[in-house]
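**Q** Provided herewith: work23.txt, compact mmCIF, C-alpha atoms.
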# COMPACT_ATOMS: atom_id res chain seq x y z
CA VAL C 8 0.00 0.00 0.00
CA ILE C 9 1.31 3.43 -0.89
CA HIS C 10 0.66 6.12 1.75
CA SER C 11 0.84 9.82 1.21
CA PHE C 12 2.01 12.76 3.31
CA PHE C 13 0.07 15.85 2.24
CA LEU C 14 0.12 19.45 3.45
CA PRO C 15 -2.31 21.17 1.07
CA TYR C 16 -1.68 24.75 2.31
CA GLN C 17 2.05 24.30 1.72
CA ARG C 18 1.33 22.74 -1.67
CA PHE C 19 3.37 19.81 -0.51
CA LYS C 20 2.78 16.15 -1.21
CA GLN C 21 5.00 13.10 -0.91
CA ASP C 22 4.00 9.49 -1.51
CA ALA C 23 5.51 6.87 0.76
CA VAL C 24 5.96 3.10 0.76
CA PRO C 25 5.96 1.16 4.06
CA GLY C 26 9.51 0.32 5.16
CA MET C 27 11.17 2.74 2.81
CA GLN C 28 12.82 5.89 4.20
CA ILE C 29 12.28 9.07 2.24
CA GLU C 30 13.69 12.49 3.13
CA ILE C 31 11.50 15.48 2.43
CA TRP C 32 11.96 19.23 2.74
CA PHE C 33 10.13 22.42 1.95
CA VAL C 34 10.58 26.15 2.51
CA PRO C 35 7.61 27.91 4.15
CA SER C 36 7.25 31.30 2.49
CA ARG C 37 4.41 32.81 4.54
CA ALA C 38 3.74 32.86 8.27
CA GLY C 39 0.27 32.04 9.56
CA LEU C 40 -1.95 29.61 11.38
CA TYR C 41 -2.94 26.78 9.06
CA TRP C 42 -5.42 24.02 9.70
CA HIS C 43 -3.93 20.94 8.12
CA PHE C 44 -5.82 17.85 7.19
CA VAL C 45 -3.27 15.96 9.29
CA ASP C 46 -4.43 17.90 12.39
CA VAL C 47 -8.05 16.99 11.70
CA VAL C 48 -7.05 13.34 11.43
CA TRP C 49 -5.26 13.61 14.78
CA VAL C 50 -8.30 15.22 16.41
CA PHE C 51 -10.42 12.33 15.19
CA ARG C 52 -7.79 9.86 16.44
CA LEU C 53 -7.97 11.55 19.84
CA CYS C 54 -11.74 11.06 19.87
CA PHE C 55 -11.31 7.36 19.07
CA PHE C 56 -8.56 7.10 21.71
CA LEU C 57 -10.78 8.65 24.40
CA SER C 58 -13.59 6.29 23.52
CA ALA C 59 -11.24 3.28 23.57
CA LEU C 60 -9.84 4.39 26.91
CA ASN C 61 -13.24 3.96 28.52
CA VAL C 62 -13.74 0.48 27.13
CA GLY C 63 -10.66 -0.78 28.94
CA ALA C 64 -10.61 1.19 32.15
CA ASN C 65 -14.00 2.37 33.28
CA MET C 66 -16.54 -0.12 32.05
CA ASP C 67 -17.59 -1.21 35.55
CA PHE C 68 -17.97 2.40 36.65
CA LEU C 69 -20.00 3.28 33.54
CA ALA C 70 -22.21 0.24 34.06
CA SER C 71 -22.90 1.20 37.68
CA LEU C 72 -23.74 4.73 36.53
CA GLU C 73 -26.12 3.31 33.98
CA GLN C 74 -27.74 0.85 36.39
CA SER C 75 -28.24 3.30 39.25
CA GLY C 76 -31.78 3.83 40.50
CA PHE C 77 -31.99 7.31 39.03
CA SER C 78 -30.75 6.23 35.59
CA THR C 79 -33.06 3.26 35.51
CA TRP C 80 -36.06 5.39 36.45
CA ILE C 81 -35.28 8.01 33.79
CA ARG C 82 -34.70 5.35 31.15
CA GLU C 83 -37.51 2.92 31.86
CA SER C 84 -40.30 4.78 33.63
CA PRO C 85 -43.42 5.27 31.50
CA SER C 86 -43.88 8.64 33.24
CA VAL C 87 -43.82 11.68 31.00
CA TRP C 88 -41.53 13.33 33.59
CA ALA C 89 -38.80 10.77 32.98
CA TYR C 90 -37.11 10.35 29.58
CA PRO C 91 -39.53 12.53 27.54
CA THR C 92 -38.93 15.55 29.79
CA ILE C 93 -35.15 15.23 29.64
CA LEU C 94 -35.23 14.90 25.86
CA PHE C 95 -37.64 17.84 25.68
CA LEU C 96 -35.28 20.03 27.72
CA HIS C 97 -32.37 19.01 25.50
CA THR C 98 -34.26 20.10 22.38
CA VAL C 99 -35.50 23.36 23.93
CA GLY C 100 -31.93 24.21 24.93
CA LEU C 101 -30.76 23.41 21.41
CA GLY C 102 -33.42 25.72 20.00
CA PHE C 103 -32.37 28.62 22.23
CA LEU C 104 -28.62 28.19 21.94
CA VAL C 105 -28.15 27.10 18.33
CA GLY C 106 -31.13 29.12 17.10
CA ALA C 107 -29.86 32.40 18.53
CA SER C 108 -26.31 31.58 17.37
CA ILE C 109 -27.59 31.04 13.83
CA VAL C 110 -29.35 34.43 13.84
CA ILE C 111 -26.24 36.25 15.09
CA ASP C 112 -24.02 34.37 12.62
CA LEU C 113 -26.35 35.21 9.72
CA ARG C 114 -26.28 38.89 10.70
CA VAL C 115 -22.47 38.87 10.90
CA LEU C 116 -22.33 37.13 7.51
CA GLY C 117 -24.23 40.07 6.04
CA PHE C 118 -27.87 39.00 6.02
CA SER C 119 -30.28 41.72 7.21
CA PRO C 120 -27.47 44.33 7.38
CA ASN C 121 -29.81 46.99 8.85
CA MET C 122 -30.07 45.09 12.11
CA PRO C 123 -27.86 46.72 14.78
CA LEU C 124 -25.75 44.08 16.50
CA GLU C 125 -25.21 45.84 19.80
CA PRO C 126 -28.82 45.42 21.13
CA MET C 127 -28.59 41.69 20.33
CA ARG C 128 -26.21 41.43 23.27
CA ARG C 129 -29.40 40.99 25.32
CA PHE C 130 -29.90 37.57 23.75
CA VAL C 131 -26.57 36.27 25.10
CA PRO C 132 -28.09 35.30 28.51
CA VAL C 133 -30.78 33.41 26.60
CA MET C 134 -28.04 31.48 24.82
CA TRP C 135 -26.25 30.70 28.10
CA PHE C 136 -29.59 29.55 29.51
CA GLY C 137 -29.90 27.15 26.56
CA PHE C 138 -26.31 26.04 27.09
CA TRP C 139 -26.80 25.17 30.78
CA VAL C 140 -30.17 23.50 30.20
CA ASN C 141 -28.44 21.32 27.64
CA ALA C 142 -25.40 20.69 29.81
CA ALA C 143 -27.65 19.49 32.65
CA SER C 144 -30.02 17.44 30.51
CA GLY C 145 -27.00 16.17 28.55
CA VAL C 146 -25.38 14.81 31.71
CA VAL C 147 -28.57 12.88 32.49
CA LEU C 148 -28.81 11.55 28.92
CA LEU C 149 -25.16 10.51 29.20
CA MET C 150 -25.68 8.74 32.54
CA ILE C 151 -28.56 6.61 31.34
CA ASP C 152 -26.57 5.42 28.33
CA ALA C 153 -23.03 5.65 29.71
CA THR C 154 -21.63 2.32 28.50
CA LYS C 155 -22.64 3.16 24.93
CA MET C 156 -22.06 6.91 24.76
CA LEU C 157 -18.68 7.17 26.46
CA VAL C 158 -17.16 4.50 24.23
CA ASN C 159 -18.57 6.13 21.10
CA PRO C 160 -15.99 8.35 19.33
CA LEU C 161 -18.86 10.39 17.85
CA PHE C 162 -19.77 11.56 21.35
CA TYR C 163 -16.29 13.07 21.77
CA ILE C 164 -16.51 14.56 18.28
CA LYS C 165 -19.81 16.17 19.29
CA ILE C 166 -18.31 17.59 22.49
CA GLY C 167 -15.34 18.86 20.46
CA PHE C 168 -17.66 20.61 18.01
CA ILE C 169 -19.63 22.19 20.88
CA ALA C 170 -16.41 23.44 22.49
CA LEU C 171 -15.27 24.95 19.18
CA ALA C 172 -18.72 26.50 18.61
CA VAL C 173 -18.80 28.07 22.08
CA VAL C 174 -15.26 29.44 21.65
CA SER C 175 -16.08 30.93 18.23
CA GLY C 176 -19.35 32.30 19.64
CA ARG C 177 -17.47 34.08 22.41
CA LEU C 178 -14.90 35.43 19.94
CA ILE C 179 -17.75 36.75 17.76
CA ALA C 180 -19.44 38.30 20.83
CA ASN C 181 -16.23 40.07 21.87
CA ARG C 182 -15.84 41.35 18.33
CA VAL C 183 -19.32 42.52 17.39
CA PHE C 184 -21.17 43.41 20.59
CA ALA C 185 -19.11 46.50 21.20
CA THR C 186 -21.15 49.62 20.32
CA PRO C 187 -18.79 51.08 17.70
CA VAL C 188 -18.97 48.00 15.49
CA ASP C 189 -22.32 49.08 14.08
CA LYS C 190 -20.54 52.08 12.65
CA THR C 191 -17.77 50.07 11.01
CA PRO C 192 -18.17 47.14 8.62
CA ILE C 193 -17.45 43.65 9.92
CA GLY C 194 -14.08 42.40 8.79
CA ALA C 195 -13.16 39.13 7.13
CA THR C 196 -12.17 37.58 10.47
CA GLY C 197 -15.62 38.14 11.90
CA ARG C 198 -17.19 36.57 8.85
CA ILE C 199 -14.88 33.56 8.97
CA LEU C 200 -15.74 33.12 12.66
CA ALA C 201 -19.47 33.31 11.89
CA GLY C 202 -19.11 30.73 9.11
CA ALA C 203 -17.06 28.51 11.41
CA SER C 204 -19.65 28.86 14.17
CA LEU C 205 -22.43 27.71 11.81
CA PHE C 206 -20.25 24.80 10.65
CA PHE C 207 -19.43 23.75 14.22
CA TRP C 208 -23.08 23.79 15.30
CA MET C 209 -24.12 21.75 12.26
CA GLY C 210 -21.26 19.36 13.06
CA ALA C 211 -22.34 19.06 16.70
CA ILE C 212 -25.94 18.31 15.71
CA THR C 213 -24.86 15.79 13.07
CA ALA C 214 -22.38 13.98 15.33
CA GLY C 215 -24.90 14.00 18.17
CA ARG C 216 -27.64 12.46 16.07
CA LEU C 217 -25.30 9.86 14.57
CA THR C 218 -24.24 8.58 18.01
CA ALA C 219 -27.52 6.65 17.95
CA TYR C 220 -26.62 4.95 14.67
CA LEU C 221 -22.85 4.60 14.29
CA PHE C 222 -20.38 2.87 16.62
CA SER C 223 -23.38 2.10 18.82
CA HIS C 224 -22.66 -1.64 18.96
CA PRO C 225 -23.21 -3.12 22.44
CA SER C 226 -19.84 -3.76 24.03
CA MET L 5 -62.00 8.18 10.12
CA GLN L 6 -59.83 5.49 11.62
CA PHE L 7 -60.36 3.41 8.52
CA THR L 8 -59.30 6.29 6.26
CA ILE L 9 -56.05 6.89 8.10
CA GLN L 10 -55.36 3.15 8.26
CA SER L 11 -55.86 2.69 4.55
CA PHE L 12 -53.93 5.84 3.74
CA SER L 13 -51.01 4.54 5.81
CA ALA L 14 -51.22 1.17 4.15
CA TRP L 15 -51.17 2.84 0.74
CA LEU L 16 -48.26 5.05 1.84
CA LYS L 17 -46.24 1.94 2.68
CA THR L 18 -46.54 0.80 -0.94
CA THR L 19 -45.13 4.03 -2.38
CA GLU L 20 -41.59 4.59 -3.64
CA PRO L 21 -40.49 7.20 -1.03
CA SER L 22 -41.55 4.91 1.80
CA TRP L 23 -39.40 2.15 0.38
CA VAL L 24 -36.42 4.48 -0.09
CA VAL L 25 -36.60 5.73 3.53
CA LEU L 26 -36.43 2.24 4.98
CA HIS L 27 -34.21 0.59 2.36
CA TYR L 28 -31.20 2.90 2.64
CA SER L 29 -29.91 2.89 6.20
CA TRP L 30 -28.47 6.42 5.92
CA VAL L 31 -31.73 8.15 4.94
CA TRP L 32 -33.33 8.09 8.40
CA PRO L 33 -30.29 9.43 10.33
CA ALA L 34 -29.67 12.07 7.65
CA ALA L 35 -33.31 13.17 7.77
CA GLU L 36 -33.19 13.33 11.59
CA THR L 37 -30.08 15.51 11.45
CA LEU L 38 -31.75 17.85 8.94
CA HIS L 39 -34.90 17.85 11.10
CA PHE L 40 -32.89 19.24 14.03
CA ILE L 41 -31.03 21.77 11.90
CA GLY L 42 -34.36 22.96 10.48
CA LEU L 43 -35.74 23.17 14.01
CA ALA L 44 -32.81 25.32 15.13
CA MET L 45 -33.32 27.70 12.17
CA LEU L 46 -37.08 27.94 12.75
CA VAL L 47 -36.95 28.31 16.52
CA GLY L 48 -33.93 30.63 16.32
CA VAL L 49 -35.52 33.23 14.07
CA ILE L 50 -39.10 32.97 15.38
CA GLY L 51 -37.93 32.64 18.99
CA LEU L 52 -35.85 35.81 18.86
CA MET L 53 -38.77 37.64 17.21
CA ASP L 54 -41.01 36.41 20.04
CA LEU L 55 -38.55 37.48 22.72
CA ARG L 56 -38.27 40.87 21.04
CA LEU L 57 -42.07 41.26 21.04
CA LEU L 58 -42.17 40.15 24.68
CA GLY L 59 -39.95 43.10 25.47
CA MET L 60 -36.40 41.78 25.38
CA ALA L 61 -33.68 43.80 23.59
CA LYS L 62 -35.92 46.86 23.18
CA ARG L 63 -33.28 48.78 21.26
CA LEU L 64 -33.37 46.19 18.51
CA PRO L 65 -35.64 47.29 15.66
CA PHE L 66 -38.16 44.60 14.78
CA ALA L 67 -38.27 45.04 11.02
CA PRO L 68 -34.66 43.95 10.22
CA LEU L 69 -35.07 40.95 12.52
CA HIS L 70 -38.21 40.08 10.57
CA GLN L 71 -36.10 40.16 7.37
CA LEU L 72 -34.56 36.86 8.46
CA LEU L 73 -37.98 35.21 8.07
CA PRO L 74 -36.91 33.32 4.89
CA PHE L 75 -34.50 31.33 7.07
CA ALA L 76 -37.35 30.40 9.41
CA ILE L 77 -39.47 29.39 6.42
CA SER L 78 -36.70 27.25 4.95
CA GLY L 79 -36.18 25.70 8.39
CA PHE L 80 -39.87 24.85 8.52
CA ALA L 81 -39.77 23.50 4.95
CA THR L 82 -36.82 21.28 5.93
CA CYS L 83 -38.72 19.96 8.94
CA LEU L 84 -41.87 19.43 6.89
CA THR L 85 -39.99 17.51 4.18
CA THR L 86 -38.01 15.30 6.54
CA GLY L 87 -41.05 14.84 8.77
CA THR L 88 -43.05 13.66 5.77
CA LEU L 89 -40.25 11.18 5.02
CA PHE L 90 -40.46 9.77 8.56
CA PHE L 91 -44.21 9.41 8.25
CA ALA L 92 -43.99 7.86 4.80
CA GLY L 93 -41.31 5.44 5.99
CA ASP L 94 -43.18 4.12 9.01
CA PRO L 95 -46.72 5.56 9.24
CA PHE L 96 -47.95 2.98 11.73
CA GLN L 97 -45.38 4.09 14.28
CA TYR L 98 -47.09 7.50 14.30
CA ILE L 99 -50.80 7.04 13.73
CA HIS L 100 -51.20 5.03 16.93
CA ASN L 101 -49.20 7.55 18.99
CA TRP L 102 -51.44 10.20 20.54
CA VAL L 103 -48.49 12.52 21.11
CA PHE L 104 -47.97 12.64 17.35
CA TRP L 105 -51.51 13.96 16.87
CA ILE L 106 -51.00 16.56 19.58
CA LYS L 107 -47.85 17.65 17.77
CA MET L 108 -49.83 18.01 14.54
CA LEU L 109 -52.51 19.95 16.43
CA PHE L 110 -49.92 22.34 17.83
CA ILE L 111 -48.39 22.86 14.39
CA VAL L 112 -51.85 23.75 13.02
CA VAL L 113 -52.43 26.13 15.97
CA ALA L 114 -48.99 27.65 15.35
CA GLY L 115 -49.89 28.10 11.68
CA MET L 116 -53.13 29.88 12.63
CA ASN L 117 -51.10 32.00 15.02
CA VAL L 118 -48.79 33.06 12.18
CA LEU L 119 -51.84 33.78 10.00
CA LEU L 120 -53.34 35.90 12.77
CA PHE L 121 -50.07 37.75 13.19
CA TYR L 122 -50.19 38.98 9.58
CA VAL L 123 -53.93 39.09 8.85
CA ALA L 124 -55.11 40.72 12.10
CA GLY L 125 -52.74 43.64 11.63
CA ILE L 126 -50.37 42.77 14.48
CA PHE L 127 -47.39 42.74 12.14
CA ARG L 128 -48.36 46.20 10.84
CA LYS L 129 -48.33 47.47 14.41
CA VAL L 130 -45.06 45.91 15.50
CA LYS L 131 -42.91 46.43 12.42
CA THR L 132 -41.97 49.94 13.50
CA PHE L 133 -40.92 48.77 16.96
CA GLY L 134 -37.50 50.05 17.86
CA THR L 135 -37.32 52.65 15.09
CA TRP L 136 -37.27 56.39 15.62
CA ARG L 137 -40.97 56.77 14.89
CA GLY L 138 -42.23 53.56 16.48
CA ARG L 139 -42.60 52.51 20.08
CA THR L 140 -40.06 50.30 21.78
CA ALA L 141 -42.44 47.53 22.76
CA TRP L 142 -46.01 46.84 23.75
CA GLY L 143 -47.30 49.20 26.38
CA GLU L 144 -44.35 51.53 26.12
CA GLY L 145 -43.92 55.02 24.81
CA ARG L 146 -42.33 56.18 21.63
CA ARG L 147 -38.64 56.68 21.65
CA ARG L 148 -36.68 59.51 20.18
CA ARG L 149 -33.06 59.48 19.32
CA LEU L 150 -31.28 62.29 21.10
CA VAL L 151 -29.24 64.39 18.74
CA GLY L 152 -25.51 63.80 18.97
CA SER L 153 -25.83 60.94 21.42
CA LEU L 154 -26.14 57.20 21.32
CA ASP L 155 -28.62 57.29 24.18
CA TRP L 156 -32.27 56.52 23.59
CA GLY L 157 -34.94 58.05 25.72
CA ASP L 158 -38.57 57.17 26.22
CA VAL L 159 -40.50 60.32 25.49
CA SER L 160 -44.26 59.99 25.55
CA GLY L 161 -46.55 58.32 28.06
CA PRO L 162 -47.52 54.68 28.27
CA ASP L 163 -49.55 53.17 25.52
CA ALA L 164 -52.64 51.03 25.99
CA SER L 165 -51.61 47.42 26.00
CA ILE L 166 -52.66 45.49 22.97
CA PRO L 167 -54.30 42.11 23.39
CA GLY L 168 -52.51 39.15 21.92
CA ARG L 169 -49.03 40.34 22.72
CA CYS L 170 -47.92 36.84 23.54
CA VAL L 171 -49.57 35.27 20.54
CA LEU L 172 -46.47 34.64 18.47
CA SER L 173 -44.51 33.31 21.38
CA VAL L 174 -46.95 30.63 22.39
CA SER L 175 -46.64 28.99 19.00
CA THR L 176 -42.92 28.51 19.19
CA ASN L 177 -43.00 27.00 22.63
CA ALA L 178 -45.76 24.64 21.67
CA LYS L 179 -43.88 23.52 18.61
CA ASN L 180 -40.79 22.96 20.71
CA VAL L 181 -42.61 20.77 23.17
CA LEU L 182 -43.97 18.55 20.51
CA PHE L 183 -40.94 18.27 18.32
CA THR L 184 -39.18 16.93 21.35
CA LEU L 185 -41.80 14.60 22.67
CA LEU L 186 -41.90 12.90 19.33
CA SER L 187 -38.21 12.57 18.59
Would you encode the structure as structure tokens?

**A**
Amino acid sequence: VIHSFFLPYQRFKQDAVPGMQIEIWFVPSRAGLYWHFVDVVWVFRLCFFLSALNVGANMDFLASLEQSGFSTWIRESPSVWAYPTILFLHTVGLGFLVGASIVIDLRVLGFSPNMPLEPMRRFVPVMWFGFWVNAASGVVLLMIDATKMLVNPLFYIKIGFIALAVVSGRLIANRVFATPVDKTPIGATGRILAGASLFFWMGAITAGRLTAYLFSHPS
Amino acid sequence: MQFTIQSFSAWLKTTEPSWVVLHYSWVWPAAETLHFIGLAMLVGVIGLMDLRLLGMAKRLPFAPLHQLLPFAISGFATCLTTGTLFFAGDPFQYIHNWVFWIKMLFIVVAGMNVLLFYVAGIFRKVKTFGTWRGRTAWGEGRRRRLVGSLDWGDVSGPDASIPGRCVLSVSTNAKNVLFTLLS
């Protein structure tokens, strides 16, 4: 099998054959922060590593978490206050947090340019409310399915996407919720952050939904 | 009635889309993902409009926020399309579930709410909210921009409160409840 080492931003590519040593070199001509495909692969490897770690080490702990009285009641009770309520809260939180993020991102990307950004600062507490509702309901959802979720790399990918989305959301907030920004056009960085924020939220939703379908084999 | 829905569901199971939804294992998860993304778009835009009408972020003019409505509509269209796929794929899972019918009921009520918002003249009243000639919110005075300052000041006296101020907001919450209960 021929493998390949590829740094697209550096316009650099070298094929490799297992067992054969090849020396490579290149001269970087421009400084900057580049997101290489290799890094993405390593992030995904980290997610798989974290999930594998739990299979070996913590399975008994996860099982006891999952079989606790509280978890069992939430999971198996026919009461509407058990699983349906937790799932309901998780969706409401998603609506508040991701919904408001989408609106702010769209505004930063240039849709509805007459809308002043500064008053939208008032919606930030609403977004944090959604975040904490989802953190709390998420912990419960995690507990009742611990032996499956914590060994599923997609769960870590989801958490990674959420972390990236929250960081980019805060960077956007710092950038655009200052009063003078409505007088000056939003720069390319702000737009890239808004695009990234949308991408991260879509990624979090996708990874979250797929946890129920992929890598969900009983262990 | 029961017979009609039963036979409709049975017919639905024989159609091409129904077969596609169940035959390809990726269709259902992909549709679910899109269903949630559509929900976020719908609830995001409508929810912020509701919060604005309920009096949050009073310095935000309503009209430009309302310009994002196409995103809410496309979110709803996404949910409607993917929701139809779910129903076509496995109608019998839904027709015997009373929560599904309550969800449908709430969506119809929400639709009537939207209709009321535009037809009953509420939109005409609120679209100047937050502008220099409109009021800030229900039951509040007009606001005038002070010359040479970023400050806004409420100028005239309180306005009679208008019935139905919460109308738009109820719809979103109801939709939320039911989207979740069903998923």

**Q** Neighbours of range 93-99 of chain L within 8 Å (all atoms listed in the file; same-chain residues fewer than 3 positions away dropped), as a ChimeraX atom specification?

**A** /L:9,13,16-17,21-26,89-90,102,104-105

**Q** Write out as JSON lines a residue-level contact list of chain C versus chain L with cut-off 6 Å: for each qualifying residue the closest pair of atoms and the distance in Å to one decimal, counting all atoms listed in the file, rows sorted by chain and residue number upward.

**A**
{"residue": "C:Pro91", "atom": "CA", "partner": "L:Leu185", "partner_atom": "CA", "distance": 5.8}
{"residue": "C:Phe95", "atom": "CA", "partner": "L:Thr184", "partner_atom": "CA", "distance": 4.7}
{"residue": "C:Thr98", "atom": "CA", "partner": "L:Thr184", "partner_atom": "CA", "distance": 5.9}
{"residue": "C:Gly102", "atom": "CA", "partner": "L:Ala44", "partner_atom": "CA", "distance": 4.9}
{"residue": "C:Val105", "atom": "CA", "partner": "L:Ala44", "partner_atom": "CA", "distance": 5.9}
{"residue": "C:Gly106", "atom": "CA", "partner": "L:Gly48", "partner_atom": "CA", "distance": 3.3}
{"residue": "C:Ala107", "atom": "CA", "partner": "L:Gly48", "partner_atom": "CA", "distance": 5.0}
{"residue": "C:Ser119", "atom": "CA", "partner": "L:Pro68", "partner_atom": "CA", "distance": 5.8}
{"residue": "C:Asn121", "atom": "CA", "partner": "L:Pro68", "partner_atom": "CA", "distance": 5.9}
{"residue": "C:Met122", "atom": "CA", "partner": "L:Pro68", "partner_atom": "CA", "distance": 5.1}
{"residue": "C:Pro126", "atom": "CA", "partner": "L:Leu64", "partner_atom": "CA", "distance": 5.3}
{"residue": "C:Arg129", "atom": "CA", "partner": "L:Ala61", "partner_atom": "CA", "distance": 5.4}
{"residue": "C:Thr213", "atom": "CA", "partner": "L:Thr37", "partner_atom": "CA", "distance": 5.5}

**Q** What is the CA of Tyr122 in chain L-CA of Leu73 in chain L distance in Å, reported with one decimal?

**A** 12.9 Å

**Q** Can you work out the spacing between CA of Ser84 in chain C and CA of Ile106 in chain L in Å, to one decimal?

**A**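 Atom-to-atom, CA of Ser84 in chain C and CA of Ile106 in chain L are spaced 21.2 Å apart.
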
**Q** Between CA of Trp88 in chain C and CA of Ile111 in chain L, what is the distance in Å, rounded to a tenth?

**A**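 CA of Ile111 in chain L lies 22.5 Å from CA of Trp88 in chain C.
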
**Q** Just checking: using only C-alpha atoms, which residue out of C:Phe12, C:Val115, C:Arg18, C:Leu157 ends up closest to Gly194 in chain C?

**A**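 Residue with the minimum atom-to-atom distance to Gly194 in chain C: C:Val115.
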
**Q** Excluding Gln21 in chain C and its own-chain neighbours fewer than 4 positions away, which residues fall within 9 Å of it when counting only C-alpha atoms? Please give them as a PDB file with C-alpha atoms, keeping the file's coordinate frame.

**A**
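Done, and the output landed in selection_23.pdb:
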ATOM      1  CA  HIS C  10       0.660   6.120   1.750  1.00  0.00           C
ATOM      2  CA  SER C  11       0.840   9.820   1.210  1.00  0.00           C
ATOM      3  CA  PHE C  12       2.010  12.760   3.310  1.00  0.00           C
ATOM      4  CA  PHE C  13       0.070  15.850   2.240  1.00  0.00           C
ATOM      5  CA  ILE C  29      12.280   9.070   2.240  1.00  0.00           C
ATOM      6  CA  ILE C  31      11.500  15.480   2.430  1.00  0.00           C
TER       7      ILE C  31
END

**Q** Considering all atoms listed in the file, can you say which of L:Ile126, L:Pro74, L:Ala35, L:Thr8 comes closest to Phe118 in chain C?

**A**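 Looking at the shortest contact to Phe118 in chain C, the residue is L:Pro74.
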
**Q** Of the candidates L:His39, L:Lys107, L:Ser11, L:Tyr28, which one gets nearest to Met209 in chain C if we count only C-alpha atoms?

**A** L:His39

**Q** Residues at most 12 Å from Cys54 in chain C, counting all atoms listed in the file, excluding those fewer than 4 positions away in the same chain, as a PyMOL selection string?

**A** chain C and resi 47-50+58-61+157-168+214

**Q** Edge lengths and centre in Å to one decimal, as AutoDock Vina command-line options, is what I'm after for the box along x, y and z that holds all listed atoms of range 194-202 of chain C once 3 Å is added on each side.

**A**
--center_x -15.8 --center_y 36.6 --center_z 9.9 --size_x 13.3 --size_y 17.7 --size_z 11.5

**Q** Residues at most 12 Å from Leu200 in chain C, counting only C-alpha atoms, excluding those fewer than 2 positions away in the same chain, as a PyMOL selection string?

**A** chain C and resi 108+111-113+115-116+171-183+193-198+202-207
